[in-house]
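Following: one structure in structure tokens, then a few remarks.
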Amino acid sequence: MTDELMSSGEIAQLAQVERPVVSTWRRRHLDFPAPVSSPGGQLLFPADEVIAWLLDRRLGNTDPETLRAERALHTLSTYGREHGGRKLVLSLGAALCLREMSGRILPPDPLKAAQRFDPDDEFILSDLQEAPALADLPGMVEQLIEGAYDAGRAHQFLLGSAARLGWPELDTDTLTPHLVTLIRQAVDVPSRLTEDGLISIADPYAGSGDLLTALLPDLDPDRLIVNAVQPDPVLARLVRRRLLLAGVPEYQVEVRADDLNDDFSEADVIVTRLPYQPTESRDPSEDLNKISDITDRLGRGRTAVVVGPAASLVDDLREPKAIRRRRDLLEGGLVEAVVRLPGGTYPGRPGYPAALWVLTRDPVPSTKGLLLLADLSGKALDDRVVEAAAGDIVLWRAEGIRRDGHDPRTGRIVLLEELGLNNGSALRLPGPTSVTMRAQLAMDRPALIGEVERRLADAEKATHQYKDENGPLDTAAVQHHGKRPTEVSLRSLRTAGRLRELPGHRLLPEHVGPRGTYRVLGAAEATGQRPRRWIDRLTLAAEYPHAILTEPGDLVVTTVPHWGVLLDEEGVSVIEFPARGLRIKKGDALTPRVLKALLDTARNTARSPSAVRGPRLHDVTVPDLTREEAHRLDVALGRIAERERLLQRQLDLLDEMRELAVSGFADGTLTTLYGTNS
């Protein structure tokens with residue numbers, strides 16, 4: 001079997017490092033796999049040797065589990081090209097399922113065991129009978145399990161790699177992870193679980209079972225009953241395998257070939273996406289009829305979430321039959337929320353606009369005649385948007401109209417009679433969100449300016465009060481005739497135990513956002529920018545278990561893109577690479593405030609335009625002040641900082657007032673009576 005080859009760029013992508021890092025590894029490590037010749041002259045490397053080298057050296061940012069799985073995947077790629085990706089994925093998946101059923105390593109000929117464990121051909125038998133002639137099927141199964149730690153994870157990895165193995169059609173209708181998260185949070189399955197009861201989940205258009213499987217994380221699979229419809233016997237076996245390997249007991253899985261059956265009336269949660277149809281053959285009334293069939297079987301207190309084409313669910317309708325069907329569904333009182341989704345929710349069909357409906361039998365009375373309508377089409381469906389949209393849906397479903405006047409963050413609560421259902425009008429907010437928000441801001445702007453004026457008066461009062469209590473700023477500065485302080489490098493301070501260096505952590509961009517538990521301090525903050533970036537406590541504990549939090553008084557220092565120093569007065573922050581932290585030993589003469597001031601004025605921190613690399617942190621020198629002189633400087637800096645804080649508060653309020661006034665005059669919604677007789 002010919003080994004798979006990788007380019008330097010592919011190695012960098014696999015190891016999650018920059019491209020030049022691979023060249024550095026080749027230069028510094030003599031045992032780096034040697035390249036092989038290629039017809040185009042490009043350097044290519046044996047994939048299996050590269051992955052083994054990364055695992056042995058523990059270099060890069062990819063976790064070992066992923067690397068081991070990648071090694072197995074590269075081994076399978078040649079088989080996929082030789083025998084076809086579909087047949088390879090199905091047969092290997094069946095073998096993994098048999099391995100889980102039997103609990104032992106597969107024999108060289110697994111058909112006898114398959115006939116014994118699956119005599120009715122519901123899970124594996126046909127796929128193993130049609131399996132291609134593989135050199136060592138049991139060994140390949142064990143290699144996959146070794147890379148992923150168990151058969152369930154190995155199967156997930158195998159299906160997730162189907163496109164790379166030659167079966168891209170499997171992922172055509174897969175939804176993005178963020179949309180799946182939105183569905184999972186909207187149906188709120190954990191809240192439906194009782195201490196000793198079971199919960200039933202169903203999908204009338206199950207496809208390959210990916211949507212059902214995506215609902216299982218954080219749930220006890222032993223307490224789930226799953227009902228699905230899949231007429232294709234091959235995909236039906238695949239659905240059963242996915243659920244079995246996800247931990248759902250075999251006797252609690254029912255996959256049928258017929259249409260919606262009476263068992264769906266017992267389902268606590270129905271989740272589905274309507275089958276895809278090309279634009280030229282798409283009939284909105286058929287899509288709406290499918291939703292109607294679901295609502296007919298929706299039991300009391302049950303919930304359904306349906307993802308379908310925007311052309312049928314939210315766009316303008318022209319056919320009278322489709323108009324009547326959508327009107328009847330919405331006026332029937334079962335549709336609680338309608339969400340227009342952004343493009344790209346089907347990665348395999350990027351030009352397929354979609355929407356989401358949330359339905360329930362017997363919603364809370366205060367939602368009667370109302371609909372939660374959200375338009376996410378102009379947003380990126382990220383963690384923040386998903387959390388806000390799911391929160392709006394769950395709150396609306398649980399409480400309806402709230403007495404405290406709480407408004408949804410991602411949409412609006414509208415009257416059904418405002419939507420033009422009889423005319424087939426598109427389900428859109430009564431006015432564009434931007435126009436509505438601007439009108440509300442115009443109404444609130446005078447009150448906002450008045451509030452800023454009040455806060456500015458309070459800030460000025462606090463400044464005068466501080467001046468009355470402390471008098472004018474007087475540092476009693478005089479010329480010093482003593483010996484000039486000696487210069488000491490940060491390396492020397494560290495060697496002497498007076499200073500401790502704190503590492504910066506490589507944080508993934510998706511883990512950092514505008515909200516969270518711990519503030520993130522990196523190069524942007526150290527160089528004077530003022531972004532407010534945070535990371536969630538649970539994410540930090542799960543993804544960065546060795547991360548160190550700052551303490552009050554730690555310094556955050558960076559030399560990239562240029563020199564910068566920040567004093568973290570509050571502490572409990574995460575330092576982001578390439579920034580690093582400096583922690584002064586308690587009781588040292590150089591206090592954090594003094595050291596920060598000295599580093600701000602250090603002479604050897606600038607980078608020459610022709611220099612290859614910037615200044616090294618360890619080589620930066622500062623004056624080694626005596627304890628008495630450092631104390632005097634610290635007192636002076638403290639008095640300056642307090643007055644600076646008071647004045648900065650006034651400057652911020654003046655900036656806010658200026659922005660409100662200019663915006664109001666510019667759009668013609670604000671004027672003033674200053675200087676008039678009115």
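Following the order of the structure tokens, chains are lettered A, B, ..., residues in each are numbered from 1, and ligands are numbered from 1.
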Discussion item. Residues near Gly343 in chain A, anyone? I mean within 10 Å using only C-alpha atoms, not counting same-chain ones fewer than 2 positions away, as a VMD selection string.
Written reply: chain A and resid 340 to 341 345 to 347 349 to 355 376 to 381
Mind listing the strand (DSSP E) residues of range 536-678 of chain A, per DSSP on the backbone, as a PDB file with N, CA and C atoms, in the first residue's frame?
ATOM      1  N   ASP A 554       0.252  42.255  38.880  1.00  0.00           N
ATOM      2  CA  ASP A 554       1.077  41.642  37.833  1.00  0.00           C
ATOM      3  C   ASP A 554       1.155  42.575  36.626  1.00  0.00           C
ATOM      4  N   LEU A 555       2.290  42.510  35.919  1.00  0.00           N
ATOM      5  CA  LEU A 555       2.479  43.290  34.697  1.00  0.00           C
ATOM      6  C   LEU A 555       2.317  42.373  33.493  1.00  0.00           C
ATOM      7  N   VAL A 556       1.681  42.886  32.447  1.00  0.00           N
ATOM      8  CA  VAL A 556       1.564  42.184  31.174  1.00  0.00           C
ATOM      9  C   VAL A 556       2.451  42.921  30.175  1.00  0.00           C
ATOM     10  N   VAL A 557       3.418  42.214  29.584  1.00  0.00           N
ATOM     11  CA  VAL A 557       4.444  42.841  28.748  1.00  0.00           C
ATOM     12  C   VAL A 557       4.454  42.149  27.387  1.00  0.00           C
ATOM     13  N   THR A 558       4.647  42.925  26.335  1.00  0.00           N
ATOM     14  CA  THR A 558       4.773  42.364  24.991  1.00  0.00           C
ATOM     15  C   THR A 558       5.846  43.119  24.222  1.00  0.00           C
ATOM     16  N   GLY A 564       5.153  47.196  24.844  1.00  0.00           N
ATOM     17  CA  GLY A 564       3.995  47.664  25.587  1.00  0.00           C
ATOM     18  C   GLY A 564       3.935  47.017  26.957  1.00  0.00           C
ATOM     19  N   VAL A 565       3.454  47.770  27.940  1.00  0.00           N
ATOM     20  CA  VAL A 565       3.369  47.288  29.324  1.00  0.00           C
ATOM     21  C   VAL A 565       2.018  47.687  29.889  1.00  0.00           C
ATOM     22  N   LEU A 566       1.378  46.772  30.605  1.00  0.00           N
ATOM     23  CA  LEU A 566       0.088  47.025  31.241  1.00  0.00           C
ATOM     24  C   LEU A 566       0.156  46.541  32.675  1.00  0.00           C
ATOM     25  N   LEU A 567      -0.345  47.349  33.607  1.00  0.00           N
ATOM     26  CA  LEU A 567      -0.431  46.964  35.006  1.00  0.00           C
ATOM     27  C   LEU A 567      -1.832  46.422  35.274  1.00  0.00           C
ATOM     28  N   ASP A 568      -1.926  45.167  35.632  1.00  0.00           N
ATOM     29  CA  ASP A 568      -3.212  44.537  35.943  1.00  0.00           C
ATOM     30  C   ASP A 568      -3.492  44.742  37.431  1.00  0.00           C
ATOM     31  N   SER A 573      -6.918  37.516  35.609  1.00  0.00           N
ATOM     32  CA  SER A 573      -6.982  37.638  34.160  1.00  0.00           C
ATOM     33  C   SER A 573      -6.137  36.533  33.532  1.00  0.00           C
ATOM     34  N   VAL A 574      -6.348  36.313  32.229  1.00  0.00           N
ATOM     35  CA  VAL A 574      -5.589  35.323  31.466  1.00  0.00           C
ATOM     36  C   VAL A 574      -4.689  36.066  30.489  1.00  0.00           C
ATOM     37  N   ILE A 575      -3.420  35.750  30.494  1.00  0.00           N
ATOM     38  CA  ILE A 575      -2.458  36.393  29.600  1.00  0.00           C
ATOM     39  C   ILE A 575      -2.420  35.617  28.288  1.00  0.00           C
ATOM     40  N   ARG A 580       3.507  38.282  27.812  1.00  0.00           N
ATOM     41  CA  ARG A 580       3.916  37.513  28.980  1.00  0.00           C
ATOM     42  C   ARG A 580       3.666  38.340  30.232  1.00  0.00           C
ATOM     43  N   GLY A 581       3.773  37.683  31.375  1.00  0.00           N
ATOM     44  CA  GLY A 581       3.524  38.374  32.630  1.00  0.00           C
ATOM     45  C   GLY A 581       4.773  38.477  33.480  1.00  0.00           C
ATOM     46  N   LEU A 582       4.822  39.502  34.310  1.00  0.00           N
ATOM     47  CA  LEU A 582       5.896  39.695  35.277  1.00  0.00           C
ATOM     48  C   LEU A 582       5.259  39.881  36.648  1.00  0.00           C
ATOM     49  N   ARG A 583       5.720  39.098  37.614  1.00  0.00           N
ATOM     50  CA  ARG A 583       5.195  39.188  38.978  1.00  0.00           C
ATOM     51  C   ARG A 583       6.341  39.497  39.936  1.00  0.00           C
ATOM     52  N   ILE A 584       6.235  40.631  40.618  1.00  0.00           N
ATOM     53  CA  ILE A 584       7.287  41.074  41.535  1.00  0.00           C
ATOM     54  C   ILE A 584       7.116  40.375  42.874  1.00  0.00           C
ATOM     55  N   THR A 621      16.606  46.717  30.485  1.00  0.00           N
ATOM     56  CA  THR A 621      17.179  47.150  31.761  1.00  0.00           C
ATOM     57  C   THR A 621      16.377  48.303  32.342  1.00  0.00           C
ATOM     58  N   VAL A 622      16.348  48.364  33.673  1.00  0.00           N
ATOM     59  CA  VAL A 622      15.680  49.442  34.406  1.00  0.00           C
ATOM     60  C   VAL A 622      16.594  49.883  35.533  1.00  0.00           C
ATOM     61  N   PRO A 623      16.451  51.125  36.008  1.00  0.00           N
ATOM     62  CA  PRO A 623      17.238  51.565  37.173  1.00  0.00           C
ATOM     63  C   PRO A 623      16.842  50.782  38.420  1.00  0.00           C
TER      64      PRO A 623
END
Practice prompt. Name the residues in contact with Tyr518 in chain A at a cut-off of 9 Å, using only C-alpha atoms, excluding same-chain residues fewer than 6 positions from it; report them as a PyMOL selection string.
Written response: chain A and resi 533-537+540+549+572-574
Emit the selected residues as a PDB file, in the first residue's frame, including all heavy atoms.
ATOM      1  N   ARG A 533     -12.055  41.870  26.170  1.00  0.00           N
ATOM      2  CA  ARG A 533     -12.109  40.475  25.737  1.00  0.00           C
ATOM      3  C   ARG A 533     -12.136  39.579  26.968  1.00  0.00           C
ATOM      4  O   ARG A 533     -11.427  39.818  27.942  1.00  0.00           O
ATOM      5  CB  ARG A 533     -10.921  40.145  24.848  1.00  0.00           C
ATOM      6  CG  ARG A 533     -10.818  41.037  23.610  1.00  0.00           C
ATOM      7  CD  ARG A 533      -9.706  40.579  22.700  1.00  0.00           C
ATOM      8  NE  ARG A 533      -8.419  40.639  23.376  1.00  0.00           N
ATOM      9  CZ  ARG A 533      -7.422  39.781  23.169  1.00  0.00           C
ATOM     10  NH1 ARG A 533      -7.581  38.800  22.307  1.00  0.00           N
ATOM     11  NH2 ARG A 533      -6.288  39.890  23.815  1.00  0.00           N
ATOM     12  N   TRP A 534     -12.949  38.511  26.854  1.00  0.00           N
ATOM     13  CA  TRP A 534     -13.145  37.639  28.000  1.00  0.00           C
ATOM     14  C   TRP A 534     -13.124  36.183  27.536  1.00  0.00           C
ATOM     15  O   TRP A 534     -13.289  35.887  26.360  1.00  0.00           O
ATOM     16  CB  TRP A 534     -14.491  37.935  28.686  1.00  0.00           C
ATOM     17  CG  TRP A 534     -14.620  39.354  29.152  1.00  0.00           C
ATOM     18  CD1 TRP A 534     -14.960  40.434  28.382  1.00  0.00           C
ATOM     19  CD2 TRP A 534     -14.396  39.853  30.467  1.00  0.00           C
ATOM     20  NE1 TRP A 534     -14.976  41.578  29.148  1.00  0.00           N
ATOM     21  CE2 TRP A 534     -14.634  41.254  30.436  1.00  0.00           C
ATOM     22  CE3 TRP A 534     -14.040  39.273  31.681  1.00  0.00           C
ATOM     23  CZ2 TRP A 534     -14.511  42.050  31.564  1.00  0.00           C
ATOM     24  CZ3 TRP A 534     -13.922  40.064  32.802  1.00  0.00           C
ATOM     25  CH2 TRP A 534     -14.153  41.433  32.743  1.00  0.00           C
ATOM     26  N   ILE A 535     -12.940  35.276  28.503  1.00  0.00           N
ATOM     27  CA  ILE A 535     -13.012  33.847  28.244  1.00  0.00           C
ATOM     28  C   ILE A 535     -13.837  33.208  29.353  1.00  0.00           C
ATOM     29  O   ILE A 535     -13.745  33.617  30.520  1.00  0.00           O
ATOM     30  CB  ILE A 535     -11.604  33.210  28.153  1.00  0.00           C
ATOM     31  CG1 ILE A 535     -11.708  31.743  27.698  1.00  0.00           C
ATOM     32  CG2 ILE A 535     -10.857  33.316  29.469  1.00  0.00           C
ATOM     33  CD1 ILE A 535     -10.366  31.115  27.366  1.00  0.00           C
ATOM     34  N   ASP A 536     -14.650  32.237  28.981  1.00  0.00           N
ATOM     35  CA  ASP A 536     -15.528  31.595  29.948  1.00  0.00           C
ATOM     36  C   ASP A 536     -14.728  30.696  30.886  1.00  0.00           C
ATOM     37  O   ASP A 536     -13.736  30.072  30.494  1.00  0.00           O
ATOM     38  CB  ASP A 536     -16.593  30.769  29.213  1.00  0.00           C
ATOM     39  CG  ASP A 536     -17.567  30.107  30.170  1.00  0.00           C
ATOM     40  OD1 ASP A 536     -18.398  30.831  30.741  1.00  0.00           O
ATOM     41  OD2 ASP A 536     -17.477  28.881  30.352  1.00  0.00           O
ATOM     42  N   ARG A 537     -15.174  30.606  32.124  1.00  0.00           N
ATOM     43  CA  ARG A 537     -14.473  29.814  33.129  1.00  0.00           C
ATOM     44  C   ARG A 537     -14.442  28.333  32.761  1.00  0.00           C
ATOM     45  O   ARG A 537     -13.403  27.677  32.895  1.00  0.00           O
ATOM     46  CB  ARG A 537     -15.169  29.998  34.483  1.00  0.00           C
ATOM     47  CG  ARG A 537     -14.643  29.093  35.591  1.00  0.00           C
ATOM     48  CD  ARG A 537     -15.318  29.431  36.907  1.00  0.00           C
ATOM     49  NE  ARG A 537     -16.758  29.269  36.794  1.00  0.00           N
ATOM     50  CZ  ARG A 537     -17.401  28.119  37.000  1.00  0.00           C
ATOM     51  NH1 ARG A 537     -16.717  27.033  37.304  1.00  0.00           N
ATOM     52  NH2 ARG A 537     -18.717  28.044  36.883  1.00  0.00           N
ATOM     53  N   LEU A 540     -12.036  27.713  29.870  1.00  0.00           N
ATOM     54  CA  LEU A 540     -10.641  27.774  30.310  1.00  0.00           C
ATOM     55  C   LEU A 540     -10.252  26.485  31.023  1.00  0.00           C
ATOM     56  O   LEU A 540      -9.163  25.942  30.790  1.00  0.00           O
ATOM     57  CB  LEU A 540     -10.448  28.977  31.236  1.00  0.00           C
ATOM     58  CG  LEU A 540      -9.012  29.235  31.687  1.00  0.00           C
ATOM     59  CD1 LEU A 540      -8.175  29.728  30.522  1.00  0.00           C
ATOM     60  CD2 LEU A 540      -8.964  30.246  32.823  1.00  0.00           C
ATOM     61  N   LEU A 549      -3.725  32.255  36.166  1.00  0.00           N
ATOM     62  CA  LEU A 549      -4.424  33.537  36.290  1.00  0.00           C
ATOM     63  C   LEU A 549      -3.506  34.552  36.960  1.00  0.00           C
ATOM     64  O   LEU A 549      -2.690  34.208  37.821  1.00  0.00           O
ATOM     65  CB  LEU A 549      -5.708  33.375  37.098  1.00  0.00           C
ATOM     66  CG  LEU A 549      -6.776  32.449  36.510  1.00  0.00           C
ATOM     67  CD1 LEU A 549      -7.965  32.360  37.449  1.00  0.00           C
ATOM     68  CD2 LEU A 549      -7.226  32.943  35.147  1.00  0.00           C
ATOM     69  N   VAL A 572      -6.823  38.236  38.345  1.00  0.00           N
ATOM     70  CA  VAL A 572      -7.770  37.217  37.875  1.00  0.00           C
ATOM     71  C   VAL A 572      -8.000  37.377  36.365  1.00  0.00           C
ATOM     72  O   VAL A 572      -9.124  37.394  35.884  1.00  0.00           O
ATOM     73  CB  VAL A 572      -9.104  37.267  38.648  1.00  0.00           C
ATOM     74  CG1 VAL A 572      -9.867  35.955  38.441  1.00  0.00           C
ATOM     75  CG2 VAL A 572      -8.888  37.494  40.122  1.00  0.00           C
ATOM     76  N   SER A 573      -6.918  37.516  35.609  1.00  0.00           N
ATOM     77  CA  SER A 573      -6.982  37.638  34.160  1.00  0.00           C
ATOM     78  C   SER A 573      -6.137  36.533  33.532  1.00  0.00           C
ATOM     79  O   SER A 573      -5.316  35.900  34.199  1.00  0.00           O
ATOM     80  CB  SER A 573      -6.480  39.006  33.697  1.00  0.00           C
ATOM     81  OG  SER A 573      -7.213  40.056  34.301  1.00  0.00           O
ATOM     82  N   VAL A 574      -6.348  36.313  32.229  1.00  0.00           N
ATOM     83  CA  VAL A 574      -5.589  35.323  31.466  1.00  0.00           C
ATOM     84  C   VAL A 574      -4.689  36.066  30.489  1.00  0.00           C
ATOM     85  O   VAL A 574      -5.157  36.929  29.739  1.00  0.00           O
ATOM     86  CB  VAL A 574      -6.522  34.368  30.702  1.00  0.00           C
ATOM     87  CG1 VAL A 574      -5.713  33.334  29.928  1.00  0.00           C
ATOM     88  CG2 VAL A 574      -7.478  33.684  31.655  1.00  0.00           C
TER      89      VAL A 574
END
Item to complete: Tell me which protein, DNA and RNA residues are within 9 Å of Gly301 in chain A, counting only C-alpha atoms, leaving out same-chain ones fewer than 3 positions away, and put them as a VMD selection string.
Response: chain A and resid 268 298 360 to 363
Written file, previous selection with all heavy atoms, as a compact mmCIF listing (two decimals), in the first residue's frame:
# COMPACT_ATOMS: atom_id res chain seq x y z
N ASP A 268 -41.49 13.06 22.83
CA ASP A 268 -41.41 14.30 23.60
C ASP A 268 -40.82 15.42 22.75
O ASP A 268 -41.22 16.58 22.89
CB ASP A 268 -40.54 14.09 24.85
CG ASP A 268 -41.13 13.06 25.78
OD1 ASP A 268 -42.12 13.38 26.46
OD2 ASP A 268 -40.61 11.93 25.82
N LEU A 298 -48.29 15.76 16.99
CA LEU A 298 -47.60 16.37 18.12
C LEU A 298 -48.47 16.24 19.36
O LEU A 298 -49.55 16.83 19.44
CB LEU A 298 -47.30 17.84 17.81
CG LEU A 298 -46.20 18.51 18.63
CD1 LEU A 298 -44.87 17.80 18.43
CD2 LEU A 298 -46.06 19.97 18.21
N THR A 360 -45.15 23.73 19.31
CA THR A 360 -45.50 23.00 20.52
C THR A 360 -47.01 22.88 20.63
O THR A 360 -47.75 23.75 20.15
CB THR A 360 -44.93 23.67 21.78
OG1 THR A 360 -45.06 22.80 22.89
CG2 THR A 360 -45.65 24.96 22.09
N ARG A 361 -47.43 21.81 21.24
CA ARG A 361 -48.86 21.62 21.51
C ARG A 361 -49.18 22.26 22.86
O ARG A 361 -48.49 22.04 23.84
CB ARG A 361 -49.18 20.12 21.54
CG ARG A 361 -50.61 19.76 21.87
CD ARG A 361 -51.52 20.08 20.70
NE ARG A 361 -51.22 19.23 19.55
CZ ARG A 361 -51.89 19.32 18.39
NH1 ARG A 361 -52.87 20.21 18.24
NH2 ARG A 361 -51.56 18.53 17.38
N ASP A 362 -50.22 23.10 22.88
CA ASP A 362 -50.66 23.79 24.10
C ASP A 362 -49.57 24.70 24.66
O ASP A 362 -49.04 24.47 25.75
CB ASP A 362 -51.09 22.78 25.17
CG ASP A 362 -52.26 21.94 24.72
OD1 ASP A 362 -53.10 22.45 23.96
OD2 ASP A 362 -52.32 20.76 25.12
N PRO A 363 -49.18 25.75 23.93
CA PRO A 363 -48.20 26.70 24.48
C PRO A 363 -48.81 27.49 25.64
O PRO A 363 -50.01 27.41 25.91
CB PRO A 363 -47.89 27.60 23.28
CG PRO A 363 -49.10 27.52 22.42
CD PRO A 363 -49.65 26.12 22.60
Practice prompt. Enumerate the residues of range 293-542 of chain A with a DSSP assignment of alpha helix (DSSP H), computed from the backbone, and present them as a VMD selection string.
Written response: chain A and resid 293 to 296 310 to 313 320 to 331 383 to 399 433 to 470 490 to 495 523 to 526 537 to 542
Item to complete: Please identify all polymer residues within 9 Å of range 242-258 of chain A, counting only C-alpha atoms, omitting same-chain residues fewer than 2 positions from it, and present them as number ranges by chain.
Response: A: 93, 96-97, 100, 151-153, 155-156, 206, 208-210, 212-213, 216, 220-233, 236-240, 260-261
Item to complete: Work out how far apart CA of Phe45 in chain A and CA of Ser8 in chain A are and give it in Å to one decimal.
Response: 7.8 Å
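Minimum atom-to-atom distance to Asp383 in chain A, evaluated using only C-alpha atoms, belongs to A:Val512 out of A:Val594, A:Ala131, A:Leu55, A:Val512.
Straight-line separation from CA of Leu598 in chain A to CA of Arg649 in chain A: 25.3 Å.
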